[in-house]
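S.K.: Have a peek at input-v8.cif (mmCIF, C-alpha atoms).
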data_run
loop_
_atom_site.label_atom_id
_atom_site.label_comp_id
_atom_site.auth_asym_id
_atom_site.auth_seq_id
_atom_site.Cartn_x
_atom_site.Cartn_y
_atom_site.Cartn_z
CA MET A 1 102.25 113.51 102.03
CA PHE A 2 100.50 113.62 98.64
CA ILE A 3 101.69 117.16 98.02
CA ALA A 4 105.28 116.25 98.89
CA VAL A 5 105.53 113.16 96.71
CA THR A 6 103.75 114.64 93.69
CA SER A 7 105.36 118.09 93.72
CA GLN A 8 107.30 117.40 90.51
CA GLN A 9 104.38 115.80 88.64
CA LYS A 10 102.06 117.40 86.13
CA GLU A 11 98.34 117.51 86.99
CA HIS A 12 97.37 114.45 84.90
CA MET A 13 100.11 112.41 86.60
CA LYS A 14 98.90 113.60 90.02
CA ARG A 15 95.42 112.31 89.17
CA LYS A 16 96.89 108.98 88.01
CA THR A 17 98.93 108.73 91.22
CA ALA A 18 95.82 109.49 93.32
CA VAL A 19 93.80 106.81 91.50
CA THR A 20 96.56 104.20 91.84
CA ALA A 21 97.13 105.01 95.54
CA THR A 22 93.40 104.80 96.29
CA LEU A 23 92.85 101.53 94.42
CA THR A 24 95.95 99.95 95.98
CA SER A 25 94.83 101.05 99.44
CA ALA A 26 91.35 99.66 98.82
CA ALA A 27 92.78 96.30 97.74
CA ILE A 28 95.04 96.11 100.80
CA LEU A 29 92.32 97.08 103.27
CA ILE A 30 89.74 94.75 101.74
CA PHE A 31 92.33 91.96 101.89
CA PHE A 32 92.86 92.65 105.61
CA ALA A 33 89.11 92.83 106.21
CA LEU A 34 88.55 89.48 104.51
CA ALA A 35 91.68 87.52 105.38
CA GLY A 36 93.42 89.38 108.20
CA GLU A 37 91.78 87.45 111.02
CA LEU A 38 92.33 84.12 109.23
CA ILE A 39 96.01 84.86 108.70
CA LEU A 40 96.53 85.96 112.30
CA ASN A 41 94.68 82.91 113.61
CA GLY A 42 96.64 80.65 111.24
CA MET A 43 99.90 82.07 112.59
CA ASP A 44 98.54 81.93 116.17
CA ILE A 45 98.93 85.69 116.62
CA PRO A 46 96.31 87.19 118.94
CA LEU A 47 94.48 90.28 117.66
CA SER A 48 95.74 92.17 120.69
CA ALA A 49 99.37 91.56 119.60
CA PHE A 50 98.52 92.84 116.11
CA GLN A 51 96.83 95.83 117.75
CA ILE A 52 99.94 96.59 119.84
CA ALA A 53 102.29 96.20 116.85
CA GLY A 54 100.05 98.38 114.67
CA GLY A 55 99.93 101.01 117.38
CA ILE A 56 103.72 101.08 117.71
CA ILE A 57 104.21 101.43 113.95
CA LEU A 58 101.52 104.10 113.80
CA PHE A 59 103.25 105.93 116.66
CA LEU A 60 106.57 105.90 114.80
CA PHE A 61 104.85 107.26 111.69
CA ALA A 62 103.23 109.99 113.83
CA LEU A 63 106.63 110.96 115.22
CA SER A 64 107.95 111.46 111.69
CA MET A 65 104.99 113.79 111.02
CA ILE A 66 105.69 115.78 114.18
CA PHE A 67 109.46 116.12 113.97
CA GLY A 68 109.97 116.53 110.24
CA GLU A 69 112.28 114.75 107.82
CA SER A 70 112.79 111.12 108.59
CA LYS A 71 113.54 107.82 106.90
CA PRO A 72 110.17 107.78 105.06
CA GLU A 73 110.90 111.25 103.63
CA GLN A 74 114.36 110.12 102.55
CA GLU A 75 112.79 107.13 100.82
CA ILE A 76 110.31 109.44 99.07
CA LYS A 77 113.27 111.16 97.42
CA MET A 78 114.50 107.83 96.07
CA VAL A 79 111.18 106.91 94.41
CA THR A 80 111.29 107.57 90.69
CA SER A 81 108.01 106.55 89.03
CA SER A 82 104.47 107.72 89.75
CA THR A 83 103.37 104.10 90.29
CA GLU A 84 106.08 103.59 92.91
CA THR A 85 105.04 106.87 94.54
CA ALA A 86 101.40 105.79 94.57
CA ILE A 87 102.24 102.51 96.28
CA PHE A 88 104.94 103.79 98.64
CA PRO A 89 104.57 106.07 100.56
CA LEU A 90 100.99 106.95 99.63
CA ALA A 91 99.06 103.65 99.64
CA VAL A 92 101.30 102.13 102.31
CA PRO A 93 101.91 103.42 104.99
CA SER A 94 99.90 106.65 104.54
CA ILE A 95 96.41 105.61 103.39
CA ALA A 96 96.41 101.89 104.16
CA SER A 97 98.25 102.63 107.36
CA PRO A 98 98.94 100.13 110.13
CA GLY A 99 96.03 101.70 112.00
CA ALA A 100 93.68 101.27 109.04
CA MET A 101 94.77 97.65 108.58
CA LEU A 102 94.27 97.08 112.29
CA ALA A 103 90.80 98.64 112.16
CA ALA A 104 89.90 96.49 109.14
CA VAL A 105 90.86 93.35 111.08
CA LEU A 106 89.33 94.34 114.42
CA LEU A 107 86.05 95.65 112.98
CA THR A 108 85.48 92.51 110.92
CA GLU A 109 86.25 90.01 113.66
CA ASN A 110 83.99 87.04 112.91
CA THR A 111 83.17 86.24 116.54
CA LEU A 112 82.01 89.78 117.33
CA TYR A 113 80.38 91.07 114.15
CA SER A 114 77.75 89.67 111.82
CA PHE A 115 78.26 89.44 108.08
CA TRP A 116 76.03 92.51 107.64
CA GLN A 117 78.06 94.55 110.14
CA GLN A 118 81.29 93.50 108.42
CA THR A 119 79.82 94.53 105.06
CA LEU A 120 78.96 97.95 106.53
CA VAL A 121 82.54 98.30 107.77
CA VAL A 122 83.92 97.58 104.30
CA ALA A 123 81.41 99.98 102.70
CA THR A 124 82.33 102.69 105.20
CA MET A 125 86.02 102.07 104.53
CA LEU A 126 85.42 102.47 100.79
CA CYS A 127 83.52 105.73 101.41
CA VAL A 128 86.45 107.04 103.43
CA LEU A 129 88.79 106.11 100.57
CA VAL A 130 86.61 108.11 98.15
CA ILE A 131 86.93 111.12 100.49
CA VAL A 132 90.71 110.62 100.67
CA PHE A 133 90.79 110.44 96.86
CA LEU A 134 88.86 113.71 96.58
CA PHE A 135 91.26 115.39 99.01
CA MET A 136 94.21 114.18 96.93
CA LEU A 137 92.60 115.66 93.82
CA ALA A 138 92.13 118.95 95.69
CA ALA A 139 95.60 118.90 97.29
CA SER A 140 97.17 121.48 94.98
CA TRP A 141 94.33 123.92 95.61
CA ILE A 142 94.41 123.30 99.38
CA TYR A 143 98.19 123.81 99.43
CA ARG A 144 97.87 127.13 97.57
CA PHE A 145 95.28 128.18 100.16
CA ILE A 146 97.14 127.17 103.36
CA GLY A 147 100.72 127.54 102.11
CA SER A 148 103.86 125.83 103.32
CA SER A 149 103.53 127.04 106.92
CA GLY A 150 99.91 125.93 107.11
CA ALA A 151 100.79 122.52 105.70
CA SER A 152 103.55 122.17 108.30
CA ILE A 153 101.16 123.09 111.13
CA VAL A 154 98.47 120.69 109.89
CA SER A 155 101.02 117.89 109.58
CA ARG A 156 102.29 118.36 113.12
CA VAL A 157 98.82 118.66 114.66
CA MET A 158 97.67 115.55 112.77
CA GLY A 159 100.86 113.81 113.95
CA MET A 160 99.92 114.56 117.56
CA ILE A 161 96.40 113.23 117.02
CA LEU A 162 97.82 110.14 115.29
CA ALA A 163 100.27 109.60 118.18
CA SER A 164 97.32 109.73 120.60
CA VAL A 165 95.36 107.21 118.54
CA ALA A 166 98.44 104.97 118.39
CA THR A 167 98.96 105.17 122.15
CA ALA A 168 95.31 104.31 122.77
CA SER A 169 95.68 101.33 120.42
CA VAL A 170 98.73 100.04 122.27
CA LEU A 171 97.08 100.49 125.68
CA SER A 172 93.89 98.79 124.50
CA GLY A 173 95.91 95.91 123.04
CA ILE A 174 97.84 95.51 126.31
CA LYS A 175 94.59 95.61 128.30
CA THR A 176 93.00 92.99 126.05
CA TYR A 177 96.09 90.77 126.02
CA PHE A 178 96.36 90.70 129.79
CA ASP A 179 92.56 90.88 130.35
CA LEU A 180 92.92 93.83 132.71
#
Could you spell out this file's structure in structure tokens?

M.R.:
Amino acid sequence: MFIAVTSQQKEHMKRKTAVTATLTSAAILIFFALAGELILNGMDIPLSAFQIAGGIILFLFALSMIFGESKPEQEIKMVTSSTETAIFPLAVPSIASPGAMLAAVLLTENTLYSFWQQTLVVATMLCVLVIVFLFMLAASWIYRFIGSSGASIVSRVMGMILASVATASVLSGIKTYFDL
């Protein structure tokens, strides 16, 4: 995704886009870790419903990775500035994806996890974001190494894995909702 949306940018703009996307994703995921459960409880939405909805959205995103050009790719073409590109489609829905938001909420559930465990989840999430940032910085080099065909193969394989994760999320949410 990063390669596609930054293909027309110079290297310094790619770095700026990567920084903005990473910081925006961090802010969104920390917000969901801190306030996601409170918001869902305030709106009387069970975590299992959020898990099912997140899984469905994640599944749709995975399908676009598997089958090629889709609405998100059409929207990428309409984005004009590097800040817009960093926020959509990079920060949301690619990095701070529905699955990541769901994980942030589920892994910081106050009734299941202590403050220390929740802090470890947030720290781990931030470490993953640093790794994502480093991959974005190395994207041009990686693309030169694997080429267009390799990038297409990786995207489709990752789409299949993401579809599997999404399906597991939906099934787990259904199981939890109905206490099966």

S.K.: Work out how far apart atom CA of Ala18 of chain A and atom CA of Phe2 of chain A are and give it in Å to one decimal.

M.R.: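 Between these atoms lies a distance of 8.2 Å.
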
S.K.: Run the PyMOL selection byres ((chain A and resi 83) around 12) mentally over the shown coordinates, then write out the matched residues as a ChimeraX atom specification, using the chain letters and numbers from the document.

M.R.: /A:5-6,9,13-24,79-82,84-91

S.K.: For this structure, which residues satisfy the selection - the PyMOL selection byres ((chain A and resi 108) around 9) - when it is evaluated on the file as given? I want them as a PyMOL selection string.

M.R.: chain A and resi 33-34+36-37+103-107+109-115+117-119+121-122

S.K.: Using all atoms listed in the file, determine which residues lie at most 10 Å from Phe67 of chain A, disregarding the query and same-chain residues fewer than 6 positions distant; provide the list as a ChimeraX atom specification.

M.R.: /A:155-156,159

S.K.: Give me the result of the PyMOL selection byres ((chain A and resi 47-52) around 10) on this file, residue by residue, as a PyMOL selection string.

M.R.: chain A and resi 36-37+40-41+44-46+53-58+98-99+101-103+105-106+109+166-178
